[in-house]
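Notes follow the structure.
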Amino acid sequence: MNNETILLNEQYKYLSDYYSELPSNCILNKGITGCGGTTVEIKAKRNSIIVVPTKELVRNKSDGVNIYGLFGEIKGNKGIQNYIKTKQGYKKIITTYDSLLRTISVIGESAFKDYFLLIDEYHIFFNYYSLRNKAIREVLSVFN
């Protein structure tokens, strides 16, 4: 296993000043919030599933056209199925920890491998474990 630490100097205010897409197979310790990690992935030239802890984050980032938001209160799967079939270019789906397995089932397990998985707000991921044990375990079951 290769453990590499990259320290960005202070000239980089946002991650997009350094990255055009987030690296794979790593934990990115940003040190501060609001430095654009989610935005980098939204703009990356690949299909992405961004997993976040709250519905408010899904609502904040999704627009239903370019970025599809999915969480438990949304009934049915027709909206996301239509998005997957008709979206031109890279598909960007943002979902809650609780809805990741539902998202994968709609996409299809074989198609899921064509998506980059970003677990956003990981710094609070394990703080939620006692409150949202099932959701956290489900996210961990698909993350490799």
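Residue numbering restarts at 1 for every chain of the structure tokens, chains are lettered A, B, ... in their displayed order, and ligands are numbered from 1 as they appear.
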Inset, instruction - Do a neighbour search on Ile93 (chain A) at 9 Å with only C-alpha atoms, toss out local chain neighbours closer than 5 positions, and write the hits as a ChimeraX atom specification. - result: /A:42,47-51,62,66-70,80,103
Inset, instruction - List the neighbours of Thr95 (chain A) out to 12 Å using only C-alpha atoms; skip same-chain residues closer than 3 positions along the sequence, and give me the result as a PyMOL selection string. - result: chain A and resi 48-62+67-74+80+92+98-104+117-120+135+139
The selected residues should be written to file as a short mmCIF file (atom, residue, chain, number, x, y, z; two decimals), in the first residue's frame (atoms: N, CA, C and O atoms).
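Written output follows (result.cif):
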data_model
loop_
_atom_site.label_atom_id
_atom_site.label_comp_id
_atom_site.auth_asym_id
_atom_site.auth_seq_id
_atom_site.Cartn_x
_atom_site.Cartn_y
_atom_site.Cartn_z
N SER A 48 -20.17 10.30 -11.58
CA SER A 48 -19.89 10.37 -10.16
C SER A 48 -21.15 10.14 -9.33
O SER A 48 -22.23 10.59 -9.70
N ILE A 49 -20.95 9.46 -8.21
CA ILE A 49 -21.95 9.41 -7.16
C ILE A 49 -21.31 10.05 -5.94
O ILE A 49 -20.25 9.62 -5.48
N ILE A 50 -21.95 11.10 -5.46
CA ILE A 50 -21.46 11.83 -4.29
C ILE A 50 -22.40 11.51 -3.14
O ILE A 50 -23.60 11.75 -3.23
N VAL A 51 -21.85 10.95 -2.09
CA VAL A 51 -22.65 10.52 -0.94
C VAL A 51 -22.43 11.51 0.19
O VAL A 51 -21.29 11.77 0.59
N VAL A 52 -23.52 12.07 0.69
CA VAL A 52 -23.45 13.11 1.72
C VAL A 52 -24.33 12.72 2.91
O VAL A 52 -25.23 11.89 2.78
N PRO A 53 -24.09 13.33 4.07
CA PRO A 53 -24.83 12.91 5.26
C PRO A 53 -26.27 13.43 5.36
O PRO A 53 -27.09 12.81 6.03
N THR A 54 -26.60 14.53 4.71
CA THR A 54 -27.93 15.12 4.95
C THR A 54 -28.69 15.42 3.66
O THR A 54 -28.11 15.67 2.61
N LYS A 55 -30.00 15.44 3.80
CA LYS A 55 -30.88 15.81 2.69
C LYS A 55 -30.65 17.25 2.27
O LYS A 55 -30.77 17.60 1.09
N GLU A 56 -30.30 18.10 3.24
CA GLU A 56 -30.07 19.51 2.93
C GLU A 56 -28.90 19.67 1.96
O GLU A 56 -28.95 20.50 1.06
N LEU A 57 -27.85 18.88 2.13
CA LEU A 57 -26.73 18.93 1.19
C LEU A 57 -27.15 18.45 -0.19
O LEU A 57 -26.71 19.00 -1.20
N VAL A 58 -28.00 17.43 -0.25
CA VAL A 58 -28.51 16.96 -1.54
C VAL A 58 -29.30 18.08 -2.21
O VAL A 58 -29.07 18.40 -3.38
N ARG A 59 -30.20 18.70 -1.48
CA ARG A 59 -31.01 19.78 -2.03
C ARG A 59 -30.14 20.96 -2.49
O ARG A 59 -30.40 21.58 -3.51
N ASN A 60 -29.12 21.27 -1.72
CA ASN A 60 -28.25 22.40 -2.01
C ASN A 60 -27.47 22.20 -3.31
O ASN A 60 -27.28 23.14 -4.07
N LYS A 61 -27.02 20.99 -3.58
CA LYS A 61 -26.13 20.73 -4.73
C LYS A 61 -26.85 20.24 -5.98
O LYS A 61 -26.32 20.35 -7.07
N SER A 62 -28.04 19.67 -5.83
CA SER A 62 -28.70 19.09 -7.01
C SER A 62 -29.58 20.11 -7.70
O SER A 62 -30.11 21.02 -7.09
N ILE A 67 -27.19 17.66 -12.11
CA ILE A 67 -26.86 16.91 -10.91
C ILE A 67 -28.17 16.40 -10.32
O ILE A 67 -29.03 17.19 -9.92
N TYR A 68 -28.31 15.08 -10.28
CA TYR A 68 -29.55 14.50 -9.79
C TYR A 68 -29.44 14.17 -8.31
O TYR A 68 -28.51 13.51 -7.89
N GLY A 69 -30.38 14.65 -7.53
CA GLY A 69 -30.41 14.40 -6.09
C GLY A 69 -31.38 13.30 -5.74
O GLY A 69 -32.51 13.26 -6.25
N LEU A 70 -30.96 12.40 -4.87
CA LEU A 70 -31.81 11.29 -4.46
C LEU A 70 -31.68 11.07 -2.96
O LEU A 70 -30.58 10.97 -2.43
N PHE A 71 -32.84 11.03 -2.30
CA PHE A 71 -32.87 10.68 -0.89
C PHE A 71 -34.21 10.05 -0.59
O PHE A 71 -35.09 9.98 -1.44
N GLY A 72 -34.37 9.55 0.63
CA GLY A 72 -35.49 8.70 1.00
C GLY A 72 -36.88 9.25 0.76
O GLY A 72 -37.79 8.50 0.48
N GLU A 73 -37.08 10.56 0.87
CA GLU A 73 -38.42 11.11 0.74
C GLU A 73 -38.92 11.17 -0.70
O GLU A 73 -40.09 11.36 -0.94
N ILE A 74 -38.02 11.04 -1.66
CA ILE A 74 -38.41 11.07 -3.06
C ILE A 74 -39.03 9.73 -3.40
O ILE A 74 -38.42 8.68 -3.25
N ILE A 80 -34.89 9.30 -11.46
CA ILE A 80 -33.47 8.96 -11.62
C ILE A 80 -33.26 8.05 -12.83
O ILE A 80 -32.28 8.18 -13.55
N LYS A 92 -23.97 12.89 -12.83
CA LYS A 92 -23.61 13.29 -11.48
C LYS A 92 -24.83 13.08 -10.59
O LYS A 92 -25.87 13.70 -10.79
N ASP A 98 -28.00 7.17 3.54
CA ASP A 98 -29.11 6.22 3.65
C ASP A 98 -29.62 5.73 2.30
O ASP A 98 -30.22 4.66 2.23
N SER A 99 -29.42 6.49 1.25
CA SER A 99 -29.98 6.14 -0.06
C SER A 99 -28.97 5.60 -1.05
O SER A 99 -29.30 5.39 -2.22
N LEU A 100 -27.74 5.35 -0.62
CA LEU A 100 -26.73 4.86 -1.56
C LEU A 100 -27.11 3.51 -2.16
O LEU A 100 -27.01 3.32 -3.37
N LEU A 101 -27.55 2.56 -1.34
CA LEU A 101 -27.90 1.24 -1.89
C LEU A 101 -29.06 1.35 -2.86
O LEU A 101 -29.09 0.65 -3.88
N ARG A 102 -30.02 2.21 -2.57
CA ARG A 102 -31.13 2.43 -3.50
C ARG A 102 -30.61 2.99 -4.82
O ARG A 102 -31.01 2.56 -5.90
N THR A 103 -29.68 3.93 -4.74
CA THR A 103 -29.09 4.52 -5.93
C THR A 103 -28.40 3.45 -6.77
O THR A 103 -28.58 3.39 -7.99
N ILE A 104 -27.62 2.60 -6.11
CA ILE A 104 -26.92 1.52 -6.82
C ILE A 104 -27.90 0.56 -7.45
O ILE A 104 -27.70 0.12 -8.59
N LEU A 117 -16.99 7.04 -6.76
CA LEU A 117 -17.74 7.20 -5.52
C LEU A 117 -16.99 8.14 -4.60
O LEU A 117 -15.85 7.88 -4.22
N LEU A 118 -17.63 9.25 -4.26
CA LEU A 118 -17.07 10.20 -3.31
C LEU A 118 -17.93 10.16 -2.05
O LEU A 118 -19.13 10.43 -2.11
N ILE A 119 -17.32 9.80 -0.95
CA ILE A 119 -17.99 9.89 0.34
C ILE A 119 -17.61 11.25 0.91
O ILE A 119 -16.49 11.45 1.38
N ASP A 120 -18.54 12.17 0.80
CA ASP A 120 -18.28 13.54 1.21
C ASP A 120 -18.52 13.68 2.72
O ASP A 120 -19.28 12.92 3.31
N ALA A 135 -27.05 2.89 7.86
CA ALA A 135 -26.63 3.67 6.69
C ALA A 135 -25.11 3.65 6.53
O ALA A 135 -24.60 3.46 5.41
N VAL A 139 -22.90 2.06 3.33
CA VAL A 139 -21.90 2.80 2.55
C VAL A 139 -20.58 2.04 2.57
O VAL A 139 -19.95 1.84 1.52
#
Inset, instruction - Point out the residue among A:Asn9, A:Ser24, A:Asn82, A:Ser141 with the least atom-to-atom distance to Phe116 (chain A), counting only C-alpha atoms. - result: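 Among the listed residues, A:Ser24 lies closest to Phe116 (chain A).
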